[in-house]
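Asks: Input final_33.json, format and content: JSON, C-alpha atoms and all ligand atoms.
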[["chain", "number", "residue", "atom", "x", "y", "z"],
["A", 2, "MET", "CA", 8.17, -19.80, 4.77],
["A", 3, "LYS", "CA", 5.46, -17.45, 6.01],
["A", 4, "SER", "CA", 6.79, -17.56, 9.58],
["A", 5, "VAL", "CA", 10.26, -16.65, 8.30],
["A", 6, "ILE", "CA", 8.87, -13.58, 6.52],
["A", 7, "ILE", "CA", 6.90, -12.60, 9.61],
["A", 8, "SER", "CA", 9.90, -12.91, 11.91],
["A", 9, "LEU", "CA", 12.01, -10.88, 9.49],
["A", 10, "ARG", "CA", 9.45, -8.10, 9.49],
["A", 11, "ILE", "CA", 9.31, -8.04, 13.28],
["A", 12, "LYS", "CA", 13.08, -8.11, 13.45],
["A", 13, "THR", "CA", 13.26, -5.09, 11.14],
["A", 14, "LEU", "CA", 10.82, -3.21, 13.34],
["A", 15, "SER", "CA", 12.58, -4.18, 16.56],
["A", 16, "ASP", "CA", 15.98, -3.30, 15.11],
["A", 17, "GLN", "CA", 14.79, 0.25, 14.41],
["A", 18, "LYS", "CA", 13.46, 0.69, 17.91],
["A", 19, "GLY", "CA", 15.81, -1.51, 19.92],
["A", 20, "SER", "CA", 12.95, -3.51, 21.32],
["A", 21, "PHE", "CA", 9.96, -5.51, 20.13],
["A", 22, "ILE", "CA", 7.00, -3.38, 19.14],
["A", 23, "MET", "CA", 3.35, -4.33, 19.06],
["A", 24, "LEU", "CA", 1.22, -2.39, 16.64],
["A", 25, "LYS", "CA", -2.51, -2.46, 17.28],
["A", 26, "ALA", "CA", -5.53, -0.35, 16.44],
["A", 27, "ILE", "CA", -8.14, 0.63, 19.00],
["A", 28, "CYS", "CA", -10.84, -2.04, 19.53],
["A", 29, "SER", "CA", -8.89, -4.59, 17.47],
["A", 30, "ARG", "CA", -6.93, -7.54, 18.79],
["A", 31, "LYS", "CA", -5.00, -8.02, 15.56],
["A", 32, "GLU", "CA", -1.23, -7.60, 15.66],
["A", 33, "LEU", "CA", -0.73, -5.33, 12.68],
["A", 34, "THR", "CA", 2.93, -6.14, 12.01],
["A", 35, "VAL", "CA", 1.82, -9.58, 10.78],
["A", 36, "ASN", "CA", -1.25, -8.32, 8.93],
["A", 37, "SER", "CA", -1.51, -7.64, 5.19],
["A", 38, "TYR", "CA", -2.07, -4.00, 6.20],
["A", 39, "TYR", "CA", 1.54, -3.74, 7.39],
["A", 40, "GLY", "CA", 2.97, -4.15, 3.90],
["A", 41, "CYS", "CA", 1.33, -0.85, 2.92],
["A", 42, "ILE", "CA", 3.04, 1.23, 5.61],
["A", 43, "GLU", "CA", 6.16, -0.64, 6.71],
["A", 44, "ASP", "CA", 8.50, 1.86, 5.02],
["A", 45, "LEU", "CA", 6.92, 4.68, 7.06],
["A", 46, "ILE", "CA", 6.11, 3.24, 10.46],
["A", 47, "GLY", "CA", 9.52, 3.42, 12.15],
["A", 48, "CYS", "CA", 10.54, 6.88, 10.90],
["A", 49, "ASP", "CA", 11.47, 9.70, 13.30],
["A", 50, "GLN", "CA", 8.70, 11.95, 12.03],
["A", 51, "LEU", "CA", 6.08, 9.41, 13.14],
["A", 52, "GLU", "CA", 7.94, 8.46, 16.32],
["A", 53, "LYS", "CA", 7.65, 12.09, 17.48],
["A", 54, "LEU", "CA", 3.87, 11.75, 17.36],
["A", 55, "LYS", "CA", 4.08, 9.22, 20.22],
["A", 56, "GLU", "CA", 4.95, 12.11, 22.54],
["A", 57, "ILE", "CA", 1.88, 14.17, 21.66],
["A", 58, "THR", "CA", -1.46, 13.66, 23.39],
["A", 59, "HIS", "CA", -4.40, 13.46, 21.01],
["A", 60, "HIS", "CA", -8.13, 13.37, 21.81],
["A", 61, "ILE", "CA", -7.29, 13.48, 25.53],
["A", 62, "HIS", "CA", -6.72, 9.78, 26.12],
["A", 63, "THR", "CA", -4.38, 8.67, 23.33],
["A", 64, "THR", "CA", -1.35, 9.81, 21.33],
["A", 65, "ARG", "CA", -1.31, 11.36, 17.88],
["A", 66, "PHE", "CA", 0.67, 8.35, 16.69],
["A", 67, "GLN", "CA", -1.97, 5.88, 17.91],
["A", 68, "HIS", "CA", -4.74, 8.00, 16.40],
["A", 69, "CYS", "CA", -2.95, 7.92, 13.04],
["A", 70, "VAL", "CA", -2.56, 4.13, 13.26],
["A", 71, "ASN", "CA", -6.26, 3.80, 14.11],
["A", 72, "VAL", "CA", -7.38, 5.95, 11.17],
["A", 73, "SER", "CA", -4.90, 4.23, 8.87],
["A", 74, "TYR", "CA", -5.96, 0.68, 9.74],
["A", 75, "TYR", "CA", -9.74, 1.24, 9.66],
["A", 76, "SER", "CA", -9.54, 3.32, 6.46],
["A", 77, "TYR", "CA", -7.55, 0.45, 4.94],
["A", 78, "LEU", "CA", -10.17, -2.12, 6.01],
["A", 79, "VAL", "CA", -13.13, -0.10, 4.72],
["A", 80, "CYS", "CA", -11.45, 0.76, 1.41],
["A", 81, "ARG", "CA", -10.43, -2.86, 0.90],
["A", 82, "ARG", "CA", -14.01, -3.98, 1.53],
["A", 83, "LEU", "CA", -15.31, -1.36, -0.93],
["A", 84, "ARG", "CA", -12.66, -2.35, -3.50],
["A", 85, "LEU", "CA", -11.13, 1.13, -3.34],
["A", 86, "ASN", "CA", -7.42, 1.97, -3.04],
["A", 87, "ALA", "CA", -6.68, 0.37, 0.35],
["A", 88, "ARG", "CA", -2.93, 0.93, 0.15],
["A", 89, "SER", "CA", -3.33, 4.67, -0.33],
["A", 90, "ALA", "CA", -5.93, 4.70, 2.43],
["A", 91, "ALA", "CA", -3.46, 3.05, 4.83],
["A", 92, "ARG", "CA", -0.69, 5.52, 3.92],
["A", 93, "ALA", "CA", -2.83, 8.67, 3.92],
["A", 94, "GLY", "CA", -4.42, 7.57, 7.20],
["A", 95, "LEU", "CA", -1.02, 7.17, 8.83],
["A", 96, "LEU", "CA", 0.09, 10.62, 7.64],
["A", 97, "HIS", "CA", -3.16, 12.56, 7.92],
["A", 98, "ASP", "CA", -2.28, 14.22, 11.26],
["A", 99, "LEU", "CA", 1.48, 14.57, 10.77],
["A", 100, "PHE", "CA", 1.82, 17.91, 12.52],
["A", 101, "TYR", "CA", 3.47, 18.94, 15.78],
["A", 102, "TYR", "CA", 1.96, 22.17, 17.06],
["A", 103, "ASP", "CA", -0.51, 22.47, 19.91],
["A", 104, "ARG", "CA", -4.09, 23.12, 18.79],
["A", 105, "LYS", "CA", -4.95, 25.28, 21.80],
["A", 106, "GLU", "CA", -1.88, 27.47, 21.36],
["A", 107, "TYR", "CA", -2.61, 27.85, 17.66],
["A", 108, "ASN", "CA", -6.17, 28.97, 18.34],
["A", 109, "LEU", "CA", -4.99, 31.38, 21.06],
["A", 110, "CYS", "CA", -2.47, 33.05, 18.75],
["A", 111, "LYS", "CA", -4.62, 32.93, 15.61],
["A", 112, "VAL", "CA", -5.19, 36.29, 13.98],
["A", 113, "LYS", "CA", -8.02, 37.39, 11.71],
["A", 114, "GLY", "CA", -7.73, 35.91, 8.25],
["A", 115, "GLN", "CA", -5.51, 33.02, 9.35],
["A", 116, "LEU", "CA", -6.69, 29.50, 8.50],
["A", 117, "SER", "CA", -8.68, 27.63, 11.14],
["A", 118, "HIS", "CA", -6.87, 24.79, 12.87],
["A", 119, "SER", "CA", -9.10, 22.33, 10.98],
["A", 120, "GLN", "CA", -7.74, 23.50, 7.65],
["A", 121, "ASN", "CA", -4.27, 24.48, 8.74],
["A", 122, "HIS", "CA", -3.18, 21.19, 10.31],
["A", 123, "ALA", "CA", -4.38, 19.23, 7.30],
["A", 124, "TYR", "CA", -2.24, 21.34, 4.95],
["A", 125, "ILE", "CA", 0.78, 21.09, 7.27],
["A", 126, "ALA", "CA", 0.34, 17.32, 7.49],
["A", 127, "SER", "CA", 0.18, 17.16, 3.70],
["A", 128, "GLU", "CA", 3.41, 19.17, 3.37],
["A", 129, "ASN", "CA", 5.16, 17.05, 6.02],
["A", 130, "ALA", "CA", 3.97, 13.87, 4.29],
["A", 131, "ARG", "CA", 5.32, 15.11, 0.97],
["A", 132, "MET", "CA", 8.74, 15.68, 2.55],
["A", 133, "LEU", "CA", 8.69, 12.16, 3.96],
["A", 134, "THR", "CA", 7.54, 10.08, 1.01],
["A", 135, "ASP", "CA", 5.93, 10.15, -2.43],
["A", 136, "VAL", "CA", 2.33, 11.27, -2.03],
["A", 137, "SER", "CA", -0.10, 10.52, -4.83],
["A", 138, "PRO", "CA", -2.89, 12.99, -5.78],
["A", 139, "LEU", "CA", -5.36, 10.64, -4.10],
["A", 140, "GLU", "CA", -3.34, 10.54, -0.85],
["A", 141, "LYS", "CA", -2.92, 14.34, -0.94],
["A", 142, "ASP", "CA", -6.67, 14.79, -1.26],
["A", 143, "MET", "CA", -7.28, 12.36, 1.62],
["A", 144, "ILE", "CA", -4.84, 14.19, 3.91],
["A", 145, "GLU", "CA", -5.85, 17.75, 3.03],
["A", 146, "LYS", "CA", -9.59, 17.15, 3.17],
["A", 147, "HIS", "CA", -9.84, 14.66, 6.03],
["A", 148, "MET", "CA", -11.59, 17.34, 8.08],
["A", 149, "TRP", "CA", -14.33, 17.86, 5.48],
["A", 150, "PRO", "CA", -16.91, 19.46, 5.72],
["A", 151, "MET", "CA", -14.89, 21.83, 7.92],
["A", 152, "THR", "CA", -12.40, 22.37, 5.08],
["A", 153, "LYS", "CA", -12.91, 24.16, 1.78],
["A", 154, "GLY", "CA", -13.55, 22.05, -1.28],
["A", 155, "ARG", "CA", -15.31, 18.72, -1.47],
["A", 156, "PRO", "CA", -13.37, 15.43, -1.44],
["A", 157, "GLY", "CA", -12.22, 14.52, -4.91],
["A", 158, "TYR", "CA", -12.19, 10.75, -4.35],
["A", 159, "LYS", "CA", -14.37, 8.11, -2.71],
["A", 160, "GLU", "CA", -11.42, 7.22, -0.46],
["A", 161, "THR", "CA", -11.45, 10.77, 0.90],
["A", 162, "TYR", "CA", -15.06, 10.39, 2.00],
["A", 163, "VAL", "CA", -13.99, 7.20, 3.78],
["A", 164, "ILE", "CA", -11.20, 8.90, 5.73],
["A", 165, "THR", "CA", -13.46, 11.79, 6.78],
["A", 166, "ILE", "CA", -15.85, 9.30, 8.36],
["A", 167, "ILE", "CA", -13.16, 7.02, 9.83],
["A", 168, "ASP", "CA", -11.31, 9.98, 11.37],
["A", 169, "LYS", "CA", -14.46, 11.01, 13.26],
["A", 170, "TYR", "CA", -15.32, 7.40, 14.14],
["A", 171, "CYS", "CA", -11.84, 6.88, 15.64],
["A", 172, "ALA", "CA", -12.04, 10.17, 17.55],
["A", 173, "VAL", "CA", -15.27, 8.98, 19.20],
["A", 174, "LEU", "CA", -13.74, 5.59, 20.04],
["A", 175, "GLU", "CA", -10.56, 7.18, 21.43],
["A", 176, "PHE", "CA", -12.57, 9.47, 23.66],
["A", 177, "CYS", "CA", -15.24, 7.01, 24.81],
["A", 178, "VAL", "CA", -13.48, 3.62, 25.12],
["A", 179, "PRO", "CA", -11.05, 4.61, 27.93],
["A", 180, "LYS", "CA", -13.93, 6.28, 29.80],
["A", 181, "LEU", "CA", -16.14, 3.19, 29.44],
["A", 182, "LYS", "CA", -13.27, 0.95, 30.56],
["A", 183, "LYS", "CA", -12.76, 3.13, 33.63],
["A", 184, "MET", "CA", -16.48, 3.01, 34.42],
["A", 185, "GLY", "CA", -16.50, -0.77, 33.97],
["A", 186, "MET", "CA", -13.55, -1.16, 36.32],
["A", 187, "ALA", "CA", -15.18, 1.10, 38.90],
["A", 188, "ILE", "CA", -18.43, -0.88, 38.75],
["A", 189, "SER", "CA", -16.70, -4.29, 38.97],
["A", 190, "GLY", "CA", -14.56, -2.98, 41.83],
["A", 191, "LYS", "CA", -17.63, -2.06, 43.83],
["A", 192, "LYS", "CA", -19.08, -5.57, 43.57],
["B", 201, "FE", "FE", -6.86, 15.93, 11.73],
["B", 202, "FE", "FE", -7.33, 12.74, 12.72]]
Go through the file and emit its structure as structure tokens.
Ligand SMILES: [Fe+2]
Ligand SMILES: [Fe+2]
Replies:
Amino acid sequence: MKSVIISLRIKTLSDQKGSFIMLKAICSRKELTVNSYYGCIEDLIGCDQLEKLKEITHHIHTTRFQHCVNVSYYSYLVCRRLRLNARSAARAGLLHDLFYYDRKEYNLCKVKGQLSHSQNHAYIASENARMLTDVSPLEKDMIEKHMWPMTKGRPGYKETYVITIIDKYCAVLEFCVPKLKKMGMAISGKK
């Protein structure tokens, strides 16, 4: 019975995309489409708004889509372990960087009094998330304050503290892991 459910889920995902899709988080071997995590985000994952994030580079070596999956999955795991709201963590994580502008261009054109990119993109992501799905007060807080302490106002929920840490943790992994892999390949190639 379980295998039937799993194959149905994969079929749904492949139908939306036209081909089979693997969904993985950085430094994890787990296929997320067959993980309990997937049930929390399966109504969001194939939507056009998230698909567009696959075309945007994020943290130099990855895409904004992959970064959102990474933050979503690890926030879910940590919140589940801490007996917090893991479902909201998965959803807010997936939507926390749902914006499309270029950070460098924004900073170049920014005028005095305008919000910093750190605050601005979080509010835009929150607004975009709200247009896409129902967003609970907890999820709103997680999205809008994921850049804390660079944003105004302290997190209002424990889950928000989790996402602030996981977002930075994933950024470090996304920047360092490809570089370390490249170094490892270079070293093994020399031997
Ligand atoms: Fe962000
Ligand atoms: Fe982020």
Asks: Which of these residues is nearest to Tyr158 of chain A, using only C-alpha atoms: A:Leu95, A:Leu45, A:Val35, A:Cys80?
Replies: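 Ranking A:Leu95, A:Leu45, A:Val35, A:Cys80 by distance to Tyr158 of chain A, first place goes to A:Cys80.
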Asks: Please put the answer as lines of an AutoDock Vina configuration file: centre and edge lengths, in Å with one decimal, of a box along x, y and z that encloses all listed atoms of segment 150-164 of chain A plus 6 Å on each side.
Replies:
center_x = -14.1
center_y = 15.7
center_z = 1.5
size_x = 17.7
size_y = 29.0
size_z = 24.8
Asks: Can you work out which residues are within 7 Å of ligand FE 201 (chain B), considering only C-alpha atoms and all ligand atoms, and then hand them over as a PyMOL selection string?
Replies: chain A and resi 97-98+119+122-123+147-148
Asks: Those residues you just picked out, can you put them in a file as a PDB file, keeping the file's coordinate frame with C-alpha atoms?
Replies:
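Listing of part_19.pdb after writing:
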ATOM      1  CA  HIS A  97      -3.160  12.560   7.920  1.00  0.00           C
ATOM      2  CA  ASP A  98      -2.280  14.220  11.260  1.00  0.00           C
ATOM      3  CA  SER A 119      -9.100  22.330  10.980  1.00  0.00           C
ATOM      4  CA  HIS A 122      -3.180  21.190  10.310  1.00  0.00           C
ATOM      5  CA  ALA A 123      -4.380  19.230   7.300  1.00  0.00           C
ATOM      6  CA  HIS A 147      -9.840  14.660   6.030  1.00  0.00           C
ATOM      7  CA  MET A 148     -11.590  17.340   8.080  1.00  0.00           C
TER       8      MET A 148
END
Asks: Find the residues around segment 53-60 of chain A up to 7 Å (all atoms listed in the file counted), leave out those fewer than 5 positions away in its own chain, and share them as a PyMOL selection string.
Replies: chain A and resi 65-66+172+175-176
Asks: Counting all atoms listed in the file, which residue out of A:Val70, A:Leu133, A:Met184, A:Cys41 sits closest to Cys171 of chain A?
Replies: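 Between A:Val70, A:Leu133, A:Met184, A:Cys41, the residue approaching Cys171 of chain A most closely is A:Val70.
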Asks: A:Leu116, A:Cys110, A:Ala93, A:Glu128: which is nearest Thr165 of chain A, counting all atoms listed in the file?
Replies: A:Ala93
Asks: Considering all atoms listed in the file, state which residue in the set A:Ala126, A:Ala90, A:Ile188, A:Val173 is at the smallest distance from Met143 of chain A.
Replies: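 Checking each candidate against Met143 of chain A, we get A:Ala90 as the closest.
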Asks: Which residue gives the smallest distance to Ser73 of chain A among A:Leu109, A:Leu85, A:Val163, A:Ala91, with all atoms listed in the file counted?
Replies: A:Ala91
Asks: Just to confirm, what's the straight-line distance from atom CA of Ile167 of chain A to atom CA of Ala87 of chain A in Å (one decimal)?
Replies: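 Taking atom CA of Ile167 of chain A and atom CA of Ala87 of chain A, their separation equals 13.3 Å.
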Asks: Report, in Å to a single decimal, how far apart atom CA of Tyr38 of chain A and atom CA of Ala26 of chain A are.
Replies: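 Between atom CA of Ala26 of chain A and atom CA of Tyr38 of chain A the gap works out to 11.4 Å.
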Asks: Between atom CA of Asp44 of chain A and atom CA of Tyr162 of chain A, what is the distance, to one decimal in Å?
Replies: 25.2 Å
Asks: Which protein, DNA or RNA residues are at most 9 Å from (-10.3, 16.4, 2.7) in the file's coordinates when you count only C-alpha atoms, listed as a PyMOL selection string?
Replies: chain A and resi 123+141-157+161-162+164-165
Asks: Nearest to ligand FE 202 (chain B) among A:Ile42, A:Cys69, A:Met186, A:Ile166, with distances taken over all atoms listed in the file: which residue is it?
Replies: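 Result for the nearest residue to ligand FE 202 (chain B): A:Cys69.
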